[in-house]
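Read through the structure below, which is laid out as structure tokens, and then see the notes.
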Amino acid sequence: MNENIIKIDTTNKKTNSFKYLLLYFLIYAFIGWLLETFYALFTLGHFTNRGFLYGPICPIYGWGAIILIVLLQKYKSNSFKLFFYSAIIFSIFEYIVGFALDALFAAKWWDYTNDFMNLNGRISIFYSFAWGIIAILFINHIHPFIEKCTNKIFKKIPKIYHIIFTNTLLIILIVDTVFSCIKYLKLI
């Protein structure tokens, strides 16, 4: 009987971890979309949807946050390692994502061709450096604040609503991804 309780607790813990990671993915993907949109508004002078999806999120920022939370948070107390690993990992990640988007959809969502020390316009030394700085700020300040706010809000809401909320967001994300892929593949 004790084994069943342990299994239930383990499953519940995994469910909670997934729920929070999904929520963090969406929060940071939305924040990334806001940053990109305001940057475009400032530089171009008009609204441009900077994301891949129809909805107001940039998945690359969501995935970046998840990579930081899951893989690099352990370097919180060592800013040098956090900076160095983040700069390398995010440069590789940004290059792979840029290559994949270009290969699959023949489209570029960013182009660093004119930047100093760029590689095929997909990454540049400036942004590699920026990802390292952003990682330190994210792990030490931004994520702890968001995590505190998220926990405070979720403690006030019954668990069944957590499940309904996260499942609804997941379904919306999947539907948006499918329709966005159809749009960029020009299947309709």
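Each chain in the structure tokens gets a letter, A, B and so on, in the order shown; residues start at 1 in every chain, and ligands are counted from 1 in the order they appear.
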
Spatial neighbours of Gly55 (chain A), 9 Å, only C-alpha atoms, chain gap at least 6 places, as a PyMOL selection string: chain A and resi 49+173+176

Enumerate, in order of chain and increasing residue number, the residues of region 52-109 of chain A with an atom no farther than 10 Å from region 113-130 of chain A, each with its shortest atom pair and distance in Å to one decimal, counting only C-alpha atoms, as CSV.
residue,atom,partner,partner_atom,distance
A:Phe83,CA,A:Phe129,CA,8.1
A:Phe84,CA,A:Phe129,CA,8.7
A:Ser86,CA,A:Ser128,CA,8.2
A:Ala87,CA,A:Ser128,CA,4.8
A:Ile88,CA,A:Ser128,CA,7.0
A:Ile89,CA,A:Ser128,CA,9.0
A:Phe90,CA,A:Ser128,CA,7.1
A:Ser91,CA,A:Ser128,CA,5.6
A:Ile92,CA,A:Ile123,CA,8.3
A:Phe93,CA,A:Ile123,CA,9.6
A:Glu94,CA,A:Ile123,CA,6.7
A:Tyr95,CA,A:Arg122,CA,5.4
A:Ile96,CA,A:Arg122,CA,8.6
A:Val97,CA,A:Arg122,CA,8.8
A:Gly98,CA,A:Arg122,CA,5.9
A:Phe99,CA,A:Arg122,CA,7.5
A:Asp102,CA,A:Arg122,CA,10.0
A:Lys108,CA,A:Arg122,CA,8.8
A:Trp109,CA,A:Arg122,CA,9.5

Convert the current residue selection to file output with C-alpha atoms, as a CSV table (one decimal), in the first residue's frame.
chain,number,residue,atom,x,y,z
A,83,PHE,CA,27.7,33.1,-18.7
A,84,PHE,CA,30.1,30.8,-20.6
A,86,SER,CA,24.8,30.0,-21.8
A,87,ALA,CA,26.7,31.9,-24.5
A,88,ILE,CA,27.8,28.6,-26.1
A,89,ILE,CA,24.6,26.6,-25.6
A,90,PHE,CA,22.3,29.5,-26.8
A,91,SER,CA,24.5,30.2,-29.8
A,92,ILE,CA,24.3,26.6,-30.9
A,93,PHE,CA,20.5,26.5,-30.1
A,94,GLU,CA,19.9,29.8,-32.0
A,95,TYR,CA,21.9,28.5,-35.0
A,96,ILE,CA,20.1,25.2,-35.1
A,97,VAL,CA,16.7,26.9,-34.8
A,98,GLY,CA,17.6,29.4,-37.5
A,99,PHE,CA,18.8,26.7,-39.8
A,102,ASP,CA,15.1,28.3,-43.0
A,108,LYS,CA,14.3,33.9,-41.7
A,109,TRP,CA,13.0,35.4,-38.4

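Nearest-residue note for His143 (chain A): choosing from A:Leu82, A:Leu68, A:Leu26, A:Leu187, the minimum distance belongs to A:Leu68, counting only C-alpha atoms.
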
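Those residues in chain A carrying a DSSP assignment of strand (DSSP E), computed from the backbone, are Asn118, Leu119, Ile123 and Ser124 of chain A.
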
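Non-sequential neighbours of Leu22 (chain A) (distance at most 12 Å, separation of 6 or more positions within a chain, only C-alpha atoms) are Thr15, Asn16, Tyr28, Ala29, Pro59, Gly62, Trp63, Ala65, Ile66, Ile69, His162, Ile163, Phe165, Thr166, Asn167, Thr168, Leu169, Leu170, Ile171 and Leu173 of chain A.
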
Restricting the calculation to only C-alpha atoms, which member of A:Ile146, A:Ala40, A:Ile57, A:Ile31 is positioned closest to Ile172 (chain A)? A:Ile57

Mind pulling up the distance from CA of Tyr24 (chain A) to CA of Thr150 (chain A)? 8.9 Å

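Shortest separation to Arg50 (chain A) among A:Leu104, A:Trp110, A:Phe80, A:Leu137 occurs at residue A:Trp110, atoms counted being only C-alpha atoms.
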
Which of chain A fall in helix (DSSP H, G or I), as a VMD selection string: chain A and resid 2 to 44 59 to 75 79 to 105 125 to 155 159 to 185
